[in-house]
>>> print(open('my_file.txt').read())   # compact mmCIF, C-alpha atoms
# COMPACT_ATOMS: atom_id res chain seq x y z
CA MET A 324 0.00 0.00 0.00
CA ASN A 325 1.58 3.30 -1.01
CA LEU A 326 1.47 6.56 0.84
CA ALA A 327 -1.44 7.86 -1.15
CA ASP A 328 -3.50 4.83 -0.21
CA ILE A 329 -2.47 5.11 3.41
CA LEU A 330 -3.35 8.77 3.55
CA SER A 331 -6.68 8.37 1.85
CA LEU A 332 -7.63 5.30 3.82
CA LYS A 333 -6.68 6.91 7.11
CA MET A 334 -8.65 10.00 6.31
CA ASN A 335 -11.75 8.04 5.34
CA ILE A 336 -11.59 5.64 8.28
CA GLU A 337 -10.98 8.38 10.81
CA HIS A 338 -13.79 10.45 9.44
CA GLU A 339 -16.19 7.54 9.59
CA LYS A 340 -15.17 6.72 13.15
CA THR A 341 -15.05 10.11 14.72
CA GLY A 342 -16.58 12.60 12.35
CA LEU A 343 -13.26 14.34 12.52
CA PHE A 344 -10.27 14.31 10.25
CA PRO A 345 -6.83 13.07 11.22
CA CYS A 346 -5.81 16.48 12.41
CA TYR A 347 -8.71 16.43 14.86
CA ALA A 348 -9.37 20.01 14.10
CA LEU A 349 -12.49 20.40 12.07
CA PRO A 350 -12.46 23.79 10.41
CA SER A 351 -15.40 26.07 10.96
CA ARG A 352 -17.24 26.59 7.72
CA SER A 353 -17.61 30.28 8.37
CA THR A 354 -14.15 31.23 9.66
CA GLY A 355 -11.92 28.39 8.49
CA ARG A 356 -10.43 28.31 11.97
CA PRO A 357 -10.33 25.05 13.94
CA GLU A 358 -13.36 24.56 16.16
CA MET A 359 -12.68 25.34 19.82
CA GLY A 360 -12.07 22.24 21.87
CA SER A 361 -10.43 20.42 19.01
CA ILE A 362 -7.27 22.45 18.61
CA VAL A 363 -4.20 20.85 17.21
CA PHE A 364 -1.07 22.73 16.36
CA LEU A 365 0.14 21.93 12.89
CA GLY A 366 3.38 23.39 11.67
CA ASN A 367 6.64 22.01 10.36
CA ASP A 368 9.91 23.04 8.75
CA ILE A 369 12.70 21.16 7.03
CA ILE A 370 16.27 22.33 6.43
CA ASP A 371 18.59 20.75 3.91
CA TRP A 372 21.70 20.17 6.02
CA LYS A 373 24.13 19.93 3.08
CA THR A 374 23.41 23.61 2.33
CA GLY A 375 22.54 24.69 5.85
CA ARG A 376 25.87 23.63 7.33
CA THR A 377 27.73 26.00 4.97
CA GLN A 378 25.78 29.14 5.85
CA THR A 379 28.01 30.26 8.66
CA HIS A 380 27.36 33.92 7.79
CA LYS A 381 24.07 33.44 9.62
CA LEU A 382 26.01 33.18 12.86
CA ARG A 383 27.13 36.82 12.67
CA GLU A 384 25.81 38.89 15.60
CA ARG A 385 23.68 41.12 13.33
CA SER A 386 22.02 38.07 11.83
CA LEU A 387 21.43 36.31 15.15
CA GLU A 388 19.99 39.46 16.76
CA LYS A 389 17.37 39.83 14.02
CA LEU A 390 15.89 36.41 14.78
CA PHE A 391 16.77 35.44 18.33
CA ASN A 392 16.73 36.92 21.85
CA LEU A 393 19.66 36.75 24.26
CA LYS A 394 18.70 33.41 25.81
CA GLU A 395 18.23 31.82 22.40
CA ILE A 396 21.58 33.16 21.21
CA LYS A 397 23.20 31.87 24.40
CA TYR A 398 21.73 28.42 23.74
CA ILE A 399 22.97 28.40 20.12
CA LYS A 400 26.47 29.42 21.20
CA SER A 401 26.53 26.84 23.97
CA GLN A 402 26.07 23.94 21.58
CA GLN A 403 28.98 22.00 20.12
CA ASP A 404 27.61 22.51 16.62
CA THR A 405 26.38 26.10 16.59
CA MET A 406 25.24 25.90 12.97
CA LEU A 407 23.04 22.93 13.80
CA ALA A 408 21.64 24.70 16.85
CA TYR A 409 20.87 27.77 14.70
CA TRP A 410 18.84 25.66 12.32
CA GLN A 411 17.13 23.87 15.18
CA LEU A 412 15.83 27.14 16.60
CA TRP A 413 15.06 28.61 13.19
CA SER A 414 13.01 25.57 12.15
CA VAL A 415 11.36 25.46 15.56
CA LYS A 416 10.22 29.08 15.22
CA GLU A 417 9.09 28.53 11.66
CA SER A 418 7.02 25.50 12.71
CA ALA A 419 5.41 27.43 15.56
CA TYR A 420 4.74 30.40 13.29
CA LYS A 421 2.93 28.19 10.75
CA ALA A 422 0.77 26.67 13.48
CA TRP A 423 0.00 30.12 14.88
CA GLN A 424 -0.83 31.53 11.45
CA ARG A 425 -3.25 28.67 10.78
CA LEU A 426 -4.96 29.15 14.14
CA ASN A 427 -5.33 32.88 13.59
CA GLN A 428 -5.91 32.85 9.82
CA THR A 429 -3.86 36.00 9.33
CA GLN A 430 -1.75 37.29 6.51
CA PRO A 431 1.91 36.36 6.67
CA VAL A 432 4.22 38.33 8.97
CA PHE A 433 7.97 38.00 9.33
CA ASN A 434 8.98 38.51 12.95
CA PRO A 435 10.63 35.37 14.31
CA LYS A 436 11.61 37.18 17.50
CA ARG A 437 7.93 37.27 18.52
CA PHE A 438 8.08 33.52 19.00
CA VAL A 439 10.11 32.99 22.15
CA CYS A 440 11.90 29.71 22.83
CA SER A 441 12.51 28.18 26.23
CA ASP A 442 13.17 24.81 27.91
CA PHE A 443 15.95 24.15 25.44
CA GLN A 444 16.79 20.57 24.63
CA ARG A 445 18.44 19.23 21.52
CA ASP A 446 15.27 17.46 20.43
CA SER A 447 12.58 19.73 21.84
CA VAL A 448 11.92 23.36 22.66
CA TYR A 449 8.88 25.23 23.92
CA VAL A 450 7.73 28.19 21.87
CA ARG A 451 5.42 30.91 23.13
CA TYR A 452 3.79 33.96 21.64
CA GLU A 453 1.06 35.76 23.59
CA ASN A 454 -1.43 32.99 24.46
CA PHE A 455 -0.01 30.56 21.91
CA GLN A 456 2.26 27.86 23.27
CA SER A 457 3.60 24.72 21.64
CA LYS A 458 6.30 22.15 22.20
CA VAL A 459 8.25 21.69 19.00
CA LYS A 460 10.33 18.61 18.40
CA THR A 461 13.34 18.36 16.12
CA LEU A 462 14.92 15.37 14.50
CA TYR A 463 18.27 15.23 12.79
CA THR A 464 19.57 13.05 9.98
CA LYS A 465 22.72 13.31 7.92
CA ASP A 466 20.63 15.03 5.24
CA TYR A 467 18.23 17.34 7.02
CA VAL A 468 16.96 18.96 10.18
CA TYR A 469 13.22 18.56 10.66
CA SER A 470 11.02 20.29 13.21
CA GLN A 471 7.33 19.85 13.86
CA CYS A 472 4.89 21.07 16.48
CA ASP A 473 4.47 18.17 18.86
CA SER A 474 1.23 16.30 18.62
CA GLU A 475 0.66 12.55 18.81
CA LYS A 476 -2.29 13.15 16.52
CA CYS A 477 -0.17 14.45 13.66
CA ASN A 478 1.63 12.39 11.09
CA TYR A 479 4.31 13.38 8.66
CA HIS A 480 6.16 12.13 5.65
CA ILE A 481 9.36 13.42 4.07
CA PHE A 482 9.81 13.14 0.34
CA ASN A 483 13.38 13.04 -0.93
CA SER A 484 12.55 14.87 -4.12
CA GLU A 485 10.07 17.35 -5.55
CA ALA A 486 9.25 14.69 -8.16
CA SER A 487 8.16 12.11 -5.58
CA TYR A 488 6.08 14.75 -3.80
CA ARG A 489 4.36 15.69 -7.06
CA ALA A 490 3.76 12.01 -7.82
CA TRP A 491 2.05 11.71 -4.44
CA LEU A 492 -0.16 14.73 -5.23
CA ILE A 493 -1.17 13.04 -8.48
CA GLU A 494 -1.93 9.79 -6.64
CA ILE A 495 -4.18 11.40 -4.07
CA SER A 496 -5.89 13.49 -6.73
CA LYS A 497 -7.13 10.18 -8.20
CA GLN A 498 -9.01 9.82 -4.93
CA ASP A 499 -10.31 13.36 -5.27
CA TRP A 500 -7.94 15.04 -2.80
CA VAL A 501 -6.47 18.31 -4.09
CA LEU A 502 -4.07 20.76 -2.50
CA LYS A 503 -5.55 24.20 -2.06
CA LYS A 504 -4.17 27.31 -0.42
CA THR A 505 -6.16 29.94 1.40
CA GLU A 506 -5.90 33.63 0.66
CA TYR A 507 -3.08 33.69 3.21
CA ASN A 508 -1.25 30.87 1.41
CA ILE A 509 -2.06 28.31 4.12
CA PRO A 510 -2.33 24.84 2.55
CA ASN A 511 -5.19 22.38 2.98
CA LEU A 512 -6.16 19.14 1.31
CA PHE A 513 -9.65 19.42 -0.07
CA HIS A 514 -11.90 16.54 -1.12
CA LYS A 515 -13.68 17.51 -4.33
CA LYS A 516 -16.69 15.27 -3.78
CA THR A 517 -17.38 15.57 -0.06
CA GLN A 518 -16.07 19.14 0.21
CA ASN A 519 -14.18 18.11 3.34
CA THR A 520 -10.87 19.61 4.36
CA VAL A 521 -7.76 18.21 5.99
CA PHE A 522 -5.14 20.57 7.36
CA VAL A 523 -1.62 20.02 6.14
CA SER A 524 1.66 21.76 6.73
CA ILE A 525 4.22 21.68 3.94
CA SER A 526 7.87 22.60 4.04
CA LYS A 527 10.36 22.45 1.19
CA ASP A 528 14.11 22.89 1.01
CA ALA A 529 16.50 21.80 -1.75
CA GLY A 530 14.33 18.98 -3.01
CA PHE A 531 13.15 17.71 0.39
CA VAL A 532 9.43 18.12 0.92
CA ALA A 533 7.98 17.50 4.36
CA VAL A 534 4.23 17.07 4.66
CA ALA A 535 2.53 16.93 8.06
CA TRP A 536 -1.16 16.23 8.54
CA MET B 990 7.72 55.89 -11.12
CA SER B 991 10.03 58.62 -9.76
CA LYS B 992 13.79 58.41 -10.36
CA ASN B 993 14.34 57.83 -6.66
CA ASN B 994 11.89 54.90 -6.65
CA GLU B 995 13.53 53.50 -9.75
CA GLU B 996 16.96 53.63 -8.16
CA ILE B 997 15.74 51.93 -5.00
CA MET B 998 13.89 49.25 -7.00
CA SER B 999 17.00 48.58 -9.07
CA LYS B 1000 19.14 48.13 -5.96
CA LEU B 1001 16.46 45.98 -4.34
CA LYS B 1002 16.41 43.76 -7.41
CA ASP B 1003 20.18 43.25 -7.14
CA ILE B 1004 19.85 42.46 -3.44
CA VAL B 1005 17.17 39.77 -3.80
CA GLU B 1006 18.55 38.17 -6.95
CA PRO B 1007 20.90 35.65 -5.25
CA TYR B 1008 17.99 34.30 -3.18
CA VAL B 1009 15.35 34.10 -5.90
CA ASN B 1010 14.09 30.67 -7.01
CA ASN B 1011 11.62 32.01 -9.59
CA THR B 1012 13.53 34.05 -12.18
CA GLU B 1013 10.32 34.92 -14.04
CA GLY B 1014 9.13 36.80 -10.98
CA LEU B 1015 12.42 38.68 -10.92
CA GLU B 1016 12.12 39.68 -14.59
CA ASN B 1017 8.64 41.05 -13.93
CA LEU B 1018 9.56 42.74 -10.66
CA ASN B 1019 7.12 45.43 -9.62
CA SER B 1020 5.75 46.91 -6.39
CA GLU B 1021 3.22 44.07 -6.06
CA THR B 1022 5.88 41.36 -6.23
CA ASP B 1023 5.82 39.18 -3.13
CA PHE B 1024 9.15 37.77 -1.93
CA ILE B 1025 7.89 34.34 -0.89
CA ASN B 1026 5.05 33.65 -3.33
CA ASP B 1027 6.26 35.41 -6.49
CA LEU B 1028 10.04 35.24 -6.16
CA GLN B 1029 9.99 32.00 -4.13
CA ILE B 1030 12.64 33.25 -1.77
CA ASN B 1031 13.10 30.77 1.06
CA SER B 1032 11.80 32.31 4.30
CA ALA B 1033 15.18 31.44 5.87
CA ASN B 1034 16.76 33.91 3.42
CA LEU B 1035 14.45 36.83 4.29
CA VAL B 1036 16.76 37.88 7.11
CA ASP B 1037 19.66 37.91 4.63
CA VAL B 1038 17.66 40.21 2.33
CA ILE B 1039 16.93 42.56 5.22
CA LEU B 1040 20.54 42.68 6.36
CA ASP B 1041 21.66 43.38 2.78
CA VAL B 1042 19.06 46.17 2.52
CA GLU B 1043 20.34 47.72 5.76
CA GLU B 1044 23.90 47.64 4.45
CA GLU B 1045 23.08 48.94 0.98
CA PHE B 1046 20.95 51.87 2.13
CA GLY B 1047 22.74 52.62 5.40
CA ILE B 1048 19.59 52.12 7.47
CA ARG B 1049 18.51 50.05 10.43
CA ILE B 1050 15.23 48.10 10.15
CA GLU B 1051 13.47 47.38 13.43
CA ASN B 1052 11.53 44.14 13.99
CA ASP B 1053 8.09 45.72 13.73
CA GLU B 1054 9.10 47.21 10.36
CA MET B 1055 10.72 43.95 9.26
CA GLU B 1056 7.55 41.95 9.79
CA LYS B 1057 5.83 43.70 6.89
CA MET B 1058 8.77 43.56 4.49
CA LEU B 1059 7.39 40.69 2.44
CA SER B 1060 6.93 42.49 -0.86
CA VAL B 1061 8.83 44.89 -3.08
CA GLY B 1062 6.29 47.67 -2.48
CA ALA B 1063 6.36 47.33 1.30
CA SER B 1064 10.16 47.29 1.25
CA LEU B 1065 10.24 50.39 -0.96
CA GLU B 1066 8.07 52.32 1.51
CA ILE B 1067 10.14 51.32 4.52
CA ILE B 1068 13.43 52.16 2.79
CA LYS B 1069 12.15 55.57 1.67
CA ALA B 1070 10.81 56.35 5.14
CA LYS B 1071 14.10 55.39 6.79
CA MET B 1072 16.18 57.38 4.32
CA GLY B 1073 14.08 60.46 5.04
>>> encode(input="my_file.txt", output="structure tokens")
Amino acid sequence: MNLADILSLKMNIEHEKTGLFPCYALPSRSTGRPEMGSIVFLGNDIIDWKTGRTQTHKLRERSLEKLFNLKEIKYIKSQQDTMLAYWQLWSVKESAYKAWQRLNQTQPVFNPKRFVCSDFQRDSVYVRYENFQSKVKTLYTKDYVYSQCDSEKCNYHIFNSEASYRAWLIEISKQDWVLKKTEYNIPNLFHKKTQNTVFVSISKDAGFVAVAW
Amino acid sequence: MSKNNEEIMSKLKDIVEPYVNNTEGLENLNSETDFINDLQINSANLVDVILDVEEEFGIRIENDEMEKMLSVGASLEIIKAKMG
């Protein structure tokens, strides 16, 4: 059974069982926001490590200060591999931002410093912004750094090429699932026949495509 | 477009070029051009664009100004305002 089958089957089974979609966050028809009481934070970010490890210019003070506060910079500098720690915190903030943007259905903003990290561990960090709070986990391979807002209810898959990602989109379109973006460029999978929606978070970098749902 | 706007746009085009993944968007650059959607600049490179803008124009962009700098037009307005 390929990924498309798994995804489609899971969606259909879950919907039949619970009336909810795998993200357990049924969007309100009027606002598009998740219904209260069924909130899940969905946000992810992938960094190609082959390129990321070379971008040491990002460790200049001016660059760090634009994105991180003093505690975050202290954490980055305390790690044996500062470049890796930079990308951990960047991808953590990006994941949290995506989840926050989906919850609030707002136009994009670029202010990573708003999202404040704490409880620093190599594989998890807490991120807060006003009344938004999420634990974000990070995993590392020799090829990429991948962060995702922590939820046992969310799944993810990482494609190793744009081509394999596009092939998956074609596969699921045969089962009437299409990728649509809102006016704020937030992606959702939409079922053409039932008009149902599944939230997804998509991140791309240098051929890697990470899809969380 | 005024000469001053043209000069700023031209410099902005040079600044973003290394980060652009959609060259068609770059060729058709105008005030409506969005960095992420039209030029497909990776969000991780937005901070590099902003630092390069600061250096090129001799200005300092604060975080609340930075958060709106997602298009050519918005960037133009912020640069002009900072240059006085």
>>> closest_atom_pairs(input="my_file.txt", of="chain B", to="chain A", cutoff="9 Å", atoms="all atoms listed in the file", output="tab-separated table")
residue	atom	partner	partner_atom	distance
B:Asn1026	CA	A:Asn508	CA	8.4
B:Asn1031	CA	A:Asp528	CA	7.9
B:Ser1032	CA	A:Phe433	CA	8.5
B:Ala1033	CA	A:Trp413	CA	7.8
B:Leu1035	CA	A:Phe433	CA	8.3
B:Val1036	CA	A:Ser386	CA	7.1
B:Asp1037	CA	A:Ser386	CA	7.6
B:Leu1040	CA	A:Ser386	CA	7.3
B:Glu1051	CA	A:Lys389	CA	8.5
B:Asn1052	CA	A:Asn434	CA	6.3
B:Asp1053	CA	A:Asn434	CA	7.3
B:Met1055	CA	A:Phe433	CA	6.6
B:Glu1056	CA	A:Phe433	CA	4.0
B:Lys1057	CA	A:Val432	CA	6.0
B:Met1058	CA	A:Phe433	CA	7.4
B:Leu1059	CA	A:Phe433	CA	7.4
>>> residues_around(input="my_file.txt", residues="Asn478 of chain A", least_positions_apart="2", cutoff="7 Å", atoms="all atoms listed in the file", output="mmCIF file with C-alpha atoms, keeping the file's coordinate frame")
data_model
loop_
_atom_site.group_PDB
_atom_site.id
_atom_site.type_symbol
_atom_site.label_atom_id
_atom_site.label_comp_id
_atom_site.auth_asym_id
_atom_site.auth_seq_id
_atom_site.Cartn_x
_atom_site.Cartn_y
_atom_site.Cartn_z
ATOM 1 C CA LYS A 476 -2.290 13.150 16.520
ATOM 2 C CA ALA A 535 2.530 16.930 8.060
ATOM 3 C CA TRP A 536 -1.160 16.230 8.540
#
>>> residues_near_point(input="my_file.txt", point="(-7.5, 22.2, 7.5)", cutoff="6 Å", atoms="all atoms listed in the file", output="list in words")
Pro350, Asn511, Thr520, Val521 and Phe522 of chain A
>>> residues_around(input="my_file.txt", residues="segment 447-449 of chain A", least_positions_apart="2", cutoff="9 Å", atoms="all atoms listed in the file", output="NGL selection string")
:A and (412 or 415 or 439-445 or 451 or 456-462 or 470 or 473)
>>> atom_distance(input="my_file.txt", atom1="atom CA of Lys497 of chain A", atom2="atom CA of Ser526 of chain A")
23.0 Å
>>> residues_around(input="my_file.txt", residues="segment 1009-1017 of chain B", least_positions_apart="6", cutoff="10 Å", atoms="only C-alpha atoms", output="PyMOL selection string")
chain B and resi 1002-1003+1023-1031+1034
>>> atom_distance(input="my_file.txt", atom1="atom CA of Leu382 of chain A", atom2="atom CA of Glu485 of chain A")
29.0 Å
>>> closest_residue(input="my_file.txt", among="A:Ile493, A:Val532, A:Leu407, A:Ile509", to="Arg425 of chain A", atoms="all atoms listed in the file")
A:Ile509
>>> build_atoms(input="my_file.txt", residues="segment 473-484 of chain A", atoms="all heavy atoms", output="short mmCIF file (atom, residue, chain, number, x, y, z; two decimals), in the frame of the given file")
data_model
loop_
_atom_site.label_atom_id
_atom_site.label_comp_id
_atom_site.auth_asym_id
_atom_site.auth_seq_id
_atom_site.Cartn_x
_atom_site.Cartn_y
_atom_site.Cartn_z
N ASP A 473 4.63 19.50 18.29
CA ASP A 473 4.47 18.17 18.86
C ASP A 473 3.01 17.82 19.06
O ASP A 473 2.30 18.48 19.80
CB ASP A 473 5.20 18.13 20.20
CG ASP A 473 5.18 16.73 20.81
OD1 ASP A 473 5.16 15.76 20.04
OD2 ASP A 473 5.18 16.64 22.05
N SER A 474 2.58 16.80 18.39
CA SER A 474 1.23 16.30 18.62
C SER A 474 1.20 14.83 18.21
O SER A 474 1.60 14.50 17.11
CB SER A 474 0.21 17.08 17.79
OG SER A 474 -1.04 16.44 17.87
N GLU A 475 0.73 13.98 19.13
CA GLU A 475 0.66 12.55 18.81
C GLU A 475 -0.38 12.31 17.73
O GLU A 475 -0.44 11.27 17.12
CB GLU A 475 0.33 11.75 20.06
CG GLU A 475 -1.01 12.11 20.67
CD GLU A 475 -1.25 11.44 22.02
OE1 GLU A 475 -0.27 10.98 22.62
OE2 GLU A 475 -2.41 11.39 22.43
N LYS A 476 -1.22 13.32 17.50
CA LYS A 476 -2.29 13.15 16.52
C LYS A 476 -1.85 13.52 15.10
O LYS A 476 -2.61 13.37 14.17
CB LYS A 476 -3.49 14.00 16.92
CG LYS A 476 -4.11 13.54 18.21
CD LYS A 476 -5.09 14.56 18.75
CE LYS A 476 -5.64 14.06 20.09
NZ LYS A 476 -6.32 15.11 20.83
N CYS A 477 -0.63 14.03 14.98
CA CYS A 477 -0.17 14.45 13.66
C CYS A 477 0.81 13.45 13.08
O CYS A 477 1.63 12.87 13.79
CB CYS A 477 0.50 15.82 13.74
SG CYS A 477 -0.69 17.14 13.97
N ASN A 478 0.71 13.25 11.81
CA ASN A 478 1.63 12.39 11.09
C ASN A 478 2.46 13.24 10.14
O ASN A 478 2.12 14.38 9.86
CB ASN A 478 0.86 11.36 10.26
CG ASN A 478 0.06 10.43 11.13
OD1 ASN A 478 0.60 9.66 11.90
ND2 ASN A 478 -1.25 10.54 11.04
N TYR A 479 3.55 12.65 9.67
CA TYR A 479 4.31 13.38 8.66
C TYR A 479 4.99 12.39 7.73
O TYR A 479 5.16 11.21 8.05
CB TYR A 479 5.35 14.29 9.32
CG TYR A 479 6.54 13.56 9.91
CD1 TYR A 479 7.69 13.36 9.16
CD2 TYR A 479 6.49 13.08 11.21
CE1 TYR A 479 8.78 12.68 9.69
CE2 TYR A 479 7.56 12.41 11.76
CZ TYR A 479 8.71 12.21 11.00
OH TYR A 479 9.77 11.53 11.54
N HIS A 480 5.36 12.92 6.58
CA HIS A 480 6.16 12.13 5.65
C HIS A 480 7.14 13.07 4.97
O HIS A 480 6.79 14.20 4.63
CB HIS A 480 5.26 11.45 4.59
CG HIS A 480 6.04 10.62 3.63
ND1 HIS A 480 6.44 9.33 3.93
CD2 HIS A 480 6.53 10.90 2.39
CE1 HIS A 480 7.13 8.85 2.90
NE2 HIS A 480 7.19 9.77 1.96
N ILE A 481 8.36 12.60 4.75
CA ILE A 481 9.36 13.42 4.07
C ILE A 481 9.70 12.80 2.74
O ILE A 481 10.14 11.65 2.66
CB ILE A 481 10.62 13.59 4.96
CG1 ILE A 481 10.24 14.40 6.21
CG2 ILE A 481 11.73 14.29 4.18
CD1 ILE A 481 11.30 14.50 7.26
N PHE A 482 9.46 13.57 1.69
CA PHE A 482 9.81 13.14 0.34
C PHE A 482 11.24 13.58 0.04
O PHE A 482 11.63 14.68 0.40
CB PHE A 482 8.86 13.78 -0.69
CG PHE A 482 7.43 13.34 -0.52
CD1 PHE A 482 6.56 14.06 0.29
CD2 PHE A 482 6.95 12.20 -1.16
CE1 PHE A 482 5.23 13.66 0.45
CE2 PHE A 482 5.63 11.79 -1.00
CZ PHE A 482 4.78 12.52 -0.19
N ASN A 483 11.98 12.71 -0.64
CA ASN A 483 13.38 13.04 -0.93
C ASN A 483 13.56 13.85 -2.20
O ASN A 483 14.68 14.21 -2.55
CB ASN A 483 14.22 11.76 -1.03
CG ASN A 483 14.38 11.13 0.34
OD1 ASN A 483 14.48 11.83 1.33
ND2 ASN A 483 14.37 9.81 0.39
N SER A 484 12.45 14.07 -2.91
CA SER A 484 12.55 14.87 -4.12
C SER A 484 11.21 15.54 -4.40
O SER A 484 10.15 15.05 -3.98
CB SER A 484 12.94 13.99 -5.32
OG SER A 484 11.88 13.11 -5.64
#
